[in-house]
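input.cif, holding mmCIF, C-alpha atoms:
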data_upload
loop_
_atom_site.label_atom_id
_atom_site.label_comp_id
_atom_site.auth_asym_id
_atom_site.auth_seq_id
_atom_site.Cartn_x
_atom_site.Cartn_y
_atom_site.Cartn_z
CA MET A 696 -37.17 11.98 207.66
CA LEU A 697 -34.13 9.90 206.64
CA SER A 698 -33.13 6.87 208.55
CA THR A 699 -29.74 6.44 210.07
CA VAL A 700 -28.55 4.37 207.13
CA GLY A 701 -29.81 6.94 204.66
CA ARG A 702 -28.11 9.81 206.41
CA ALA A 703 -24.81 7.92 206.40
CA ALA A 704 -25.09 7.24 202.65
CA ALA A 705 -25.92 10.87 201.89
CA ARG A 706 -22.96 12.03 203.97
CA ARG A 707 -20.56 9.75 202.05
CA LEU A 708 -21.73 11.29 198.76
CA VAL A 709 -21.86 14.92 199.82
CA THR A 710 -18.87 15.27 202.12
CA PRO A 711 -16.04 14.61 199.60
CA ARG A 712 -17.44 16.99 197.02
CA LEU A 713 -18.15 19.74 199.53
CA ALA A 714 -14.59 19.50 200.76
CA LEU A 715 -13.47 21.01 197.41
CA LEU A 716 -15.68 24.06 197.77
CA THR A 717 -15.07 26.90 200.09
CA PRO A 718 -17.67 27.77 202.66
CA GLN A 719 -18.27 31.16 201.02
CA LEU A 720 -19.51 29.56 197.76
CA LEU A 721 -22.01 27.32 199.45
CA SER A 722 -25.54 28.41 200.19
CA PRO A 723 -26.54 28.87 203.76
CA ARG A 724 -28.72 25.82 203.65
CA VAL A 725 -26.13 23.60 202.08
CA HIS A 726 -23.45 24.92 204.39
CA SER A 727 -25.63 24.21 207.37
CA VAL A 728 -26.42 20.75 206.09
CA ALA A 729 -22.78 20.09 205.48
CA CYS A 730 -21.81 21.35 208.86
CA ALA A 731 -24.57 19.40 210.46
CA SER A 732 -23.68 16.29 208.55
CA ALA A 733 -20.04 16.74 209.42
CA SER A 734 -20.85 17.18 213.11
CA VAL A 735 -23.11 14.14 213.29
CA ARG A 736 -21.21 10.90 213.82
CA THR A 737 -22.79 7.53 213.55
CA PHE A 738 -21.59 4.01 213.94
CA THR A 739 -20.79 3.72 210.20
CA ALA A 740 -18.68 6.86 209.81
CA SER A 741 -15.10 6.64 211.12
CA SER A 742 -11.73 8.15 210.52
CA TRP A 743 -10.68 5.04 208.62
CA THR A 744 -13.51 5.45 206.10
CA ARG A 745 -12.77 9.16 205.58
CA LEU A 746 -9.11 8.37 205.15
CA ALA A 747 -9.96 5.77 202.54
CA GLU A 748 -12.26 8.19 200.64
CA SER A 749 -9.68 10.97 200.61
CA ARG A 750 -7.14 8.53 199.21
CA GLU A 751 -9.56 7.59 196.45
CA ILE A 752 -10.01 11.27 195.41
CA PHE A 753 -6.34 12.27 195.69
CA PRO A 754 -4.28 9.14 195.13
CA LYS A 755 -0.61 9.46 196.04
CA THR A 756 1.81 8.73 193.31
CA THR A 757 5.15 7.38 194.55
CA PRO A 758 7.97 7.36 192.05
CA LYS A 759 9.14 3.91 191.17
CA LYS A 760 12.68 3.10 191.95
CA LYS A 761 14.79 2.18 189.04
CA LYS A 762 16.35 -1.19 189.31
CA LYS A 763 20.02 -1.14 188.94
CA THR A 764 21.21 -3.45 186.29
CA THR A 765 24.44 -4.98 187.28
CA SER A 766 26.24 -6.98 184.70
CA LYS A 767 27.51 -10.10 186.33
CA LYS A 768 30.40 -11.77 184.74
CA THR A 769 29.78 -15.39 184.19
CA THR A 770 32.86 -17.39 184.87
CA THR A 771 33.01 -21.03 184.08
CA LYS A 772 34.98 -22.94 186.63
CA LYS A 773 36.70 -25.99 185.51
CA ALA A 774 35.56 -29.03 187.33
CA ALA A 775 38.41 -29.91 189.67
CA LYS A 776 39.36 -33.52 189.84
CA HIS A 777 38.67 -35.17 193.16
CA LYS A 778 41.99 -35.84 194.81
CA PRO A 779 42.12 -38.40 197.58
CA LYS A 780 43.18 -37.00 200.92
CA PRO A 781 46.66 -38.10 201.93
CA LYS A 782 46.71 -40.48 204.83
CA PRO A 783 48.10 -38.96 208.00
CA LYS A 784 51.55 -40.18 208.87
CA PRO A 785 51.66 -42.38 211.95
CA LYS A 786 53.05 -40.54 214.90
CA LYS A 787 56.27 -41.90 216.31
CA LYS A 788 55.86 -43.19 219.81
CA ALA A 789 58.06 -41.48 222.33
CA PRO A 790 60.56 -43.88 223.91
CA ARG A 791 59.65 -44.98 227.38
CA PRO A 792 61.85 -43.56 230.11
CA LEU A 793 64.14 -46.12 231.67
CA SER A 794 63.60 -47.18 235.23
CA PRO A 795 66.37 -46.36 237.73
CA GLU A 796 67.58 -49.96 237.71
CA ASN A 797 67.70 -50.19 233.92
CA GLN A 798 69.37 -46.78 233.74
CA GLU A 799 72.06 -47.99 236.15
CA LYS A 800 72.59 -51.11 234.03
CA GLU A 801 72.85 -49.00 230.88
CA GLU A 802 75.47 -46.75 232.51
CA LEU A 803 77.52 -49.77 233.63
CA ARG A 804 77.32 -51.28 230.15
CA GLN A 805 78.51 -48.01 228.62
CA LEU A 806 81.36 -47.67 231.13
CA LYS A 807 82.51 -51.23 230.46
CA LYS A 808 82.59 -50.54 226.75
CA TRP A 809 84.55 -47.31 227.19
CA SER A 810 86.98 -48.87 229.69
CA LEU A 811 88.69 -51.08 227.06
CA LEU A 812 88.61 -54.12 229.35
CA THR A 813 90.14 -56.35 226.71
CA LYS A 814 92.13 -59.22 228.17
CA LEU A 815 95.43 -59.52 226.36
CA PRO A 816 96.99 -62.96 226.00
CA CYS A 817 99.86 -63.01 228.48
CA LEU A 818 102.66 -65.55 228.80
CA PRO A 819 103.47 -66.86 232.30
CA ASP A 820 106.03 -64.44 233.72
CA GLY A 821 107.00 -66.30 236.91
CA ALA A 822 108.93 -69.50 237.57
CA TRP A 823 106.06 -71.15 239.47
CA SER A 824 103.34 -70.12 236.97
CA LEU A 825 105.55 -71.25 234.08
CA TYR A 826 106.17 -74.64 235.74
CA VAL A 827 102.44 -75.12 236.40
CA SER A 828 101.53 -74.22 232.81
CA GLN A 829 104.06 -76.76 231.56
CA GLU A 830 103.21 -79.62 233.91
CA LEU A 831 99.48 -79.25 234.50
CA LYS A 832 97.49 -81.51 232.23
CA ALA A 833 93.80 -82.19 231.99
CA GLY A 834 92.61 -85.43 233.54
CA ALA A 835 90.20 -87.09 235.88
CA GLU A 836 92.30 -86.24 238.93
CA ASP A 837 91.11 -83.53 241.31
CA LEU A 838 92.65 -80.07 240.78
CA GLY A 839 93.59 -79.66 244.43
CA THR A 840 95.40 -82.98 244.43
CA LYS A 841 97.23 -82.02 241.23
CA MET A 842 98.36 -78.67 242.62
CA ARG A 843 99.68 -80.25 245.81
CA ALA A 844 101.64 -82.77 243.76
CA LEU A 845 103.06 -80.03 241.51
CA SER A 846 104.09 -77.97 244.53
CA THR A 847 106.04 -80.92 245.90
CA GLN A 848 107.73 -81.48 242.54
CA PHE A 849 108.63 -77.78 242.16
CA LYS A 850 110.32 -77.69 245.52
CA ALA A 851 112.35 -80.72 244.50
CA LEU A 852 113.75 -79.05 241.36
CA SER A 853 117.45 -78.43 241.04
CA SER A 854 118.94 -74.95 240.97
CA TYR A 855 119.75 -75.27 237.27
CA GLU A 856 116.13 -76.12 236.43
CA ARG A 857 114.91 -73.19 238.49
CA GLU A 858 117.31 -70.82 236.75
CA GLU A 859 116.04 -72.00 233.39
CA LEU A 860 112.48 -71.36 234.47
CA SER A 861 113.43 -67.89 235.74
CA ARG A 862 115.16 -66.95 232.47
CA THR A 863 112.16 -68.11 230.44
CA ALA A 864 109.80 -66.21 232.74
CA GLN A 865 111.91 -63.05 232.38
CA SER A 866 111.78 -63.36 228.60
CA ASN A 867 108.03 -63.82 228.79
CA ARG A 868 107.76 -60.71 230.97
CA VAL A 869 109.57 -58.63 228.36
CA THR A 870 107.33 -60.04 225.63
CA ASN A 871 104.21 -59.25 227.64
CA GLU A 872 105.38 -55.69 228.23
CA ALA A 873 106.05 -55.16 224.54
CA ASN A 874 102.62 -56.57 223.62
CA TYR A 875 100.94 -54.37 226.22
CA LYS A 876 102.69 -51.25 224.96
CA ALA A 877 101.76 -52.05 221.37
CA TRP A 878 98.12 -52.54 222.40
CA VAL A 879 98.06 -49.22 224.29
CA GLU A 880 99.64 -47.29 221.43
CA SER A 881 97.10 -48.74 218.98
CA TYR A 882 94.61 -46.25 220.51
CA PRO A 883 94.94 -42.46 220.48
CA VAL A 884 95.96 -40.93 223.76
CA GLU A 885 92.55 -39.27 224.20
CA ASN A 886 90.87 -42.71 223.99
CA ILE A 887 93.19 -43.95 226.74
CA TYR A 888 92.26 -40.91 228.84
CA VAL A 889 88.53 -41.65 228.36
CA ALA A 890 89.13 -45.33 229.20
CA ASN A 891 90.94 -44.50 232.45
CA LYS A 892 88.19 -42.07 233.42
CA ALA A 893 85.57 -44.76 232.74
CA ARG A 894 87.59 -47.31 234.76
CA ARG A 895 87.63 -45.02 237.78
CA SER A 896 83.85 -44.54 237.56
CA LEU A 897 83.31 -48.27 237.10
CA ALA A 898 85.48 -49.11 240.11
CA ARG A 899 83.57 -46.60 242.23
CA LYS A 900 80.17 -48.00 241.17
CA THR A 901 81.02 -51.71 241.43
CA GLY A 902 83.48 -51.60 244.33
CA LYS A 903 86.00 -53.67 242.37
CA VAL A 904 89.69 -52.95 241.86
CA ILE A 905 90.25 -51.92 238.23
CA ARG A 906 93.73 -50.77 237.36
CA PRO A 907 94.19 -47.80 235.03
CA ILE A 908 95.91 -48.20 231.68
CA ARG A 909 99.59 -47.31 231.78
CA ASP A 910 100.47 -44.93 228.96
CA ASP A 911 103.65 -42.84 228.80
CA ARG A 912 101.97 -40.43 226.39
CA LEU A 913 99.61 -39.10 229.07
CA PRO A 914 100.69 -35.79 230.63
CA LYS A 915 102.40 -36.31 233.97
CA PRO A 916 101.51 -33.91 236.80
CA ALA A 917 104.30 -31.66 238.01
CA GLY A 918 105.81 -32.34 241.42
CA GLY A 919 106.99 -29.93 244.04
CA ALA A 920 110.32 -28.18 244.35
CA TYR A 921 111.67 -31.04 246.51
CA SER A 922 110.77 -33.66 243.88
CA GLU A 923 112.51 -31.56 241.24
CA PHE A 924 115.63 -31.52 243.45
CA ILE A 925 115.47 -35.32 243.89
CA LYS A 926 115.21 -35.84 240.11
CA ALA A 927 118.15 -33.55 239.48
CA LYS A 928 120.46 -35.05 242.15
CA PHE A 929 119.44 -38.71 242.21
CA HIS A 930 121.82 -39.87 239.47
CA THR A 931 124.77 -38.05 241.02
CA LEU A 932 124.94 -40.53 243.89
CA ASP A 933 126.68 -43.88 243.75
CA SER A 934 124.54 -46.57 242.19
CA GLU A 935 125.65 -49.14 244.78
CA ILE A 936 124.03 -47.16 247.59
CA PRO A 937 120.60 -48.60 248.52
CA LEU A 938 117.53 -46.54 247.63
CA PRO A 939 116.49 -45.67 251.24
CA LYS A 940 119.98 -44.34 251.99
CA LYS A 941 119.94 -42.28 248.78
CA ILE A 942 116.63 -40.66 249.74
CA LYS A 943 117.88 -39.95 253.25
CA GLU A 944 121.07 -38.33 251.97
CA LEU A 945 119.24 -36.19 249.40
CA SER A 946 116.79 -35.07 252.07
CA ALA A 947 119.69 -33.88 254.24
CA GLN A 948 121.15 -31.96 251.29
CA TRP A 949 117.78 -30.27 250.60
CA LYS A 950 117.61 -29.00 254.15
CA THR A 951 121.01 -27.37 253.83
CA LEU A 952 120.02 -25.36 250.72
CA SER A 953 119.32 -21.65 251.05
CA ASP A 954 116.10 -19.98 249.88
CA ALA A 955 117.83 -18.59 246.79
CA GLU A 956 119.00 -22.09 245.80
CA LYS A 957 115.54 -23.55 246.40
CA GLN A 958 113.97 -20.80 244.27
CA SER A 959 115.46 -22.26 241.07
CA TYR A 960 113.67 -25.57 241.71
CA GLN A 961 110.44 -23.73 242.51
CA ASP A 962 110.65 -21.92 239.18
CA ILE A 963 111.02 -25.26 237.41
CA GLN A 964 107.95 -26.48 239.31
CA HIS A 965 105.83 -23.49 238.17
CA ASP A 966 106.89 -23.95 234.53
CA GLU A 967 106.04 -27.64 234.59
CA ARG A 968 102.65 -27.00 236.18
CA ALA A 969 101.76 -24.45 233.49
CA GLU A 970 102.82 -26.89 230.79
CA TYR A 971 100.82 -29.68 232.42
CA SER A 972 97.69 -27.51 232.60
CA ALA A 973 97.96 -26.58 228.91
CA GLU A 974 98.42 -30.23 227.86
CA MET A 975 95.50 -31.38 230.01
CA ALA A 976 93.17 -28.72 228.58
CA LYS A 977 94.05 -29.85 225.08
CA LEU A 978 93.60 -33.51 226.03
CA LYS A 979 90.19 -32.93 227.65
CA THR A 980 88.91 -31.14 224.54
CA ALA A 981 89.93 -34.11 222.39
CA ALA A 982 88.41 -36.53 224.94
CA ARG A 983 85.03 -34.78 224.77
CA LYS A 984 85.02 -35.25 221.01
CA VAL A 985 85.81 -38.95 221.49
CA GLN A 986 82.91 -39.32 223.92
CA SER A 987 80.54 -37.63 221.48
CA ALA A 988 81.66 -39.94 218.69
CA LEU A 989 81.20 -43.02 220.90
CA LYS A 990 77.71 -41.90 221.90
CA ALA A 991 76.77 -41.28 218.26
CA GLU A 992 78.07 -44.72 217.32
CA GLU A 993 76.03 -46.35 220.09
CA ALA A 994 72.91 -44.44 219.01
CA ALA A 995 73.39 -45.62 215.40
CA LEU A 996 73.82 -49.23 216.53
CA LYS A 997 70.72 -48.99 218.71
CA LYS A 998 68.70 -47.56 215.82
CA GLN A 999 69.95 -50.35 213.57
CA ARG A 1000 68.88 -52.97 216.12
CA LEU A 1001 65.42 -51.41 216.46
CA GLU A 1002 64.97 -51.28 212.67
CA ALA A 1003 66.01 -54.92 212.37
CA ARG A 1004 63.55 -55.86 215.12
CA ALA A 1005 60.74 -53.90 213.43
CA ALA A 1006 61.50 -55.56 210.07
CA SER A 1007 61.41 -58.98 211.72
CA ARG A 1008 58.03 -58.21 213.27
CA ALA A 1009 56.69 -56.98 209.92
CA ARG A 1010 57.82 -60.21 208.23
CA SER A 1011 56.17 -62.27 210.95
CA LYS A 1012 52.89 -60.36 210.57
CA ALA A 1013 52.96 -60.73 206.77
CA LYS A 1014 53.62 -64.45 207.08
CA ALA A 1015 50.78 -64.86 209.57
CA ALA A 1016 48.40 -62.91 207.28
CA ALA A 1017 49.40 -65.06 204.29
CA ASN A 1018 48.79 -68.22 206.29
CA ALA A 1019 45.39 -66.92 207.39
CA GLU A 1020 44.40 -66.16 203.77
CA THR A 1021 45.52 -69.62 202.62
CA THR A 1022 43.51 -71.24 205.38
CA ALA A 1023 40.41 -69.17 204.50
CA GLU A 1024 40.64 -70.04 200.77
CA LYS A 1025 40.75 -73.80 201.38
CA PRO A 1026 37.38 -75.59 201.01
CA ALA A 1027 35.68 -76.94 204.09
CA GLY A 1028 36.28 -80.54 202.97
CA ASP A 1029 40.05 -80.03 202.59
CA ALA A 1030 40.24 -78.55 206.04
#
Represent the structure from my file as structure tokens, please.
Amino acid sequence: MLSTVGRAAARRLVTPRLALLTPQLLSPRVHSVACASASVRTFTASSWTRLAESREIFPKTTPKKKKKTTSKKTTTKKAAKHKPKPKPKPKKKAPRPLSPENQEKEELRQLKKWSLLTKLPCLPDGAWSLYVSQELKAGAEDLGTKMRALSTQFKALSSYEREELSRTAQSNRVTNEANYKAWVESYPVENIYVANKARRSLARKTGKVIRPIRDDRLPKPAGGAYSEFIKAKFHTLDSEIPLPKKIKELSAQWKTLSDAEKQSYQDIQHDERAEYSAEMAKLKTAARKVQSALKAEEAALKKQRLEARAASRARSKAKAAANAETTAEKPAGDA
């Protein structure tokens, strides 16, 4: 009798070879032994061992995959020079918004500049002002005392002296008017229009009385039909008649006119209004250009002031840095 180990060893030798033979070719005894050995299962025989033995007898041949040969192009890259990164440009700081008070001050400053508030040198154009300008002299005496003394002296003047003062004052008045007209005409009419507009705004904001600039070149608004009648008939009356009586007489004549007669003056009024509107539209267009130019000029001046201030600060910083370096280079004993 074989032991368990012996039977397992015999089965490992016999079973693979018998698998190649058909059952008809085997003898009854061998076939029975094979069947018996195949039916008996011990602790050493397993499916894993049979699988390993069958693989040893009939090894599987797997075709090897061909490796694809890819020709790689070798490219030599030129070593790029290391370029330093450009420093980022400093961002410009946004200007701080003005406070309401500072904004009001800026508007007033701009209006004063546009208003052409230049004081022209004027000669005394009255007898009293001319006498005071001639007689008033600087001294240690009080001004009030001086003025009271001059008033007493002026009242004591003769008629001839007063007439001389009046003629001189009248001449001065004519000179002042000519100088004023020359000053007004030195500016274009659109600048005068902008100045008058700025003066009205300035008077409204400050509460002060600021007179507009008198310029005959500015378009004059058209009056009504009655004003056209007054202009047409005013010079037909006697010049010796006082002005109030002239107006009263012309008013009575206007009331006696028929509607057909008044229509002619109304037509003149409509024509003048259309002409005035066209001239004002043209003047306002030119005035807007003047305002834009003035604003651009102010912006350029402001930029120039800021650049000068920045340059001054840069010089101060450079000077302070140079002084610090000089102080650091000095020996301790010299310090």
What separation in Å, quoted to one decimal, exists between CA of Trp949 (chain A) and CA of Gly919 (chain A)?
12.6 Å
Could you jot down the CA of Arg862 (chain A) to CA of Leu818 (chain A) separation for me, Å, one decimal place?
13.1 Å
What does the PyMOL selection byres ((chain A and resi 894) around 8) select in this file, as a ChimeraX atom specification?
/A:806-807,810,890-893,895-898,905-907
Can you spell out as a PyMOL selection string the set of residues that the PyMOL selection byres ((chain A and resi 910-915) around 12) selects in the structure I just provided?
chain A and resi 872+875-891+907-909+916-918+967-979
Written file, previous selection with C-alpha atoms, as a PDB file, in the frame of the given file:
ATOM      1  CA  GLU A 872     105.380 -55.690 228.230  1.00  0.00           C
ATOM      2  CA  TYR A 875     100.940 -54.370 226.220  1.00  0.00           C
ATOM      3  CA  LYS A 876     102.690 -51.250 224.960  1.00  0.00           C
ATOM      4  CA  ALA A 877     101.760 -52.050 221.370  1.00  0.00           C
ATOM      5  CA  TRP A 878      98.120 -52.540 222.400  1.00  0.00           C
ATOM      6  CA  VAL A 879      98.060 -49.220 224.290  1.00  0.00           C
ATOM      7  CA  GLU A 880      99.640 -47.290 221.430  1.00  0.00           C
ATOM      8  CA  SER A 881      97.100 -48.740 218.980  1.00  0.00           C
ATOM      9  CA  TYR A 882      94.610 -46.250 220.510  1.00  0.00           C
ATOM     10  CA  PRO A 883      94.940 -42.460 220.480  1.00  0.00           C
ATOM     11  CA  VAL A 884      95.960 -40.930 223.760  1.00  0.00           C
ATOM     12  CA  GLU A 885      92.550 -39.270 224.200  1.00  0.00           C
ATOM     13  CA  ASN A 886      90.870 -42.710 223.990  1.00  0.00           C
ATOM     14  CA  ILE A 887      93.190 -43.950 226.740  1.00  0.00           C
ATOM     15  CA  TYR A 888      92.260 -40.910 228.840  1.00  0.00           C
ATOM     16  CA  VAL A 889      88.530 -41.650 228.360  1.00  0.00           C
ATOM     17  CA  ALA A 890      89.130 -45.330 229.200  1.00  0.00           C
ATOM     18  CA  ASN A 891      90.940 -44.500 232.450  1.00  0.00           C
ATOM     19  CA  PRO A 907      94.190 -47.800 235.030  1.00  0.00           C
ATOM     20  CA  ILE A 908      95.910 -48.200 231.680  1.00  0.00           C
ATOM     21  CA  ARG A 909      99.590 -47.310 231.780  1.00  0.00           C
ATOM     22  CA  PRO A 916     101.510 -33.910 236.800  1.00  0.00           C
ATOM     23  CA  ALA A 917     104.300 -31.660 238.010  1.00  0.00           C
ATOM     24  CA  GLY A 918     105.810 -32.340 241.420  1.00  0.00           C
ATOM     25  CA  GLU A 967     106.040 -27.640 234.590  1.00  0.00           C
ATOM     26  CA  ARG A 968     102.650 -27.000 236.180  1.00  0.00           C
ATOM     27  CA  ALA A 969     101.760 -24.450 233.490  1.00  0.00           C
ATOM     28  CA  GLU A 970     102.820 -26.890 230.790  1.00  0.00           C
ATOM     29  CA  TYR A 971     100.820 -29.680 232.420  1.00  0.00           C
ATOM     30  CA  SER A 972      97.690 -27.510 232.600  1.00  0.00           C
ATOM     31  CA  ALA A 973      97.960 -26.580 228.910  1.00  0.00           C
ATOM     32  CA  GLU A 974      98.420 -30.230 227.860  1.00  0.00           C
ATOM     33  CA  MET A 975      95.500 -31.380 230.010  1.00  0.00           C
ATOM     34  CA  ALA A 976      93.170 -28.720 228.580  1.00  0.00           C
ATOM     35  CA  LYS A 977      94.050 -29.850 225.080  1.00  0.00           C
ATOM     36  CA  LEU A 978      93.600 -33.510 226.030  1.00  0.00           C
ATOM     37  CA  LYS A 979      90.190 -32.930 227.650  1.00  0.00           C
TER      38      LYS A 979
END
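Counting from CA of Asp954 (chain A), the distance to CA of His930 (chain A) is 23.2 Å.
Closest approach to Asn874 (chain A) among A:Leu815, A:Leu932, A:Leu860, A:Ser953 is made by A:Leu815 (distances from all atoms listed in the file).
Here the question is which of A:Trp823, A:Phe924, A:Ala1006, A:Gln865 gets nearest to Leu845 (chain A) using all atoms listed in the file, and that residue is A:Trp823.
Residues captured in this structure file are A:Gly919, A:Tyr921, A:Ser922, A:Glu923, A:Tyr960, A:Gln961, A:Gln964, according to the PyMOL selection byres ((chain A and resi 920) around 6).
The smallest atom-to-atom distance between Thr931 (chain A) and any of A:Glu944, A:Glu1002, A:Glu799, A:Glu856, using all atoms listed in the file, is found for A:Glu944.
Residue nearest Val827 (chain A) within the list A:Asp966, A:Leu803, A:Phe849, A:Lys998: A:Phe849 [criterion: smallest interatomic distance, only C-alpha atoms].
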Sphere at (116.1, -42.0, 244.8), radius 10 Å, counting all atoms listed in the file: residues as a list in words:
Ser922, Ile925, Lys926, Lys928, Phe929, His930, Leu932, Ser934, Ile936, Pro937, Leu938, Pro939, Lys940, Lys941, Ile942, Lys943, Glu944 and Leu945 of chain A
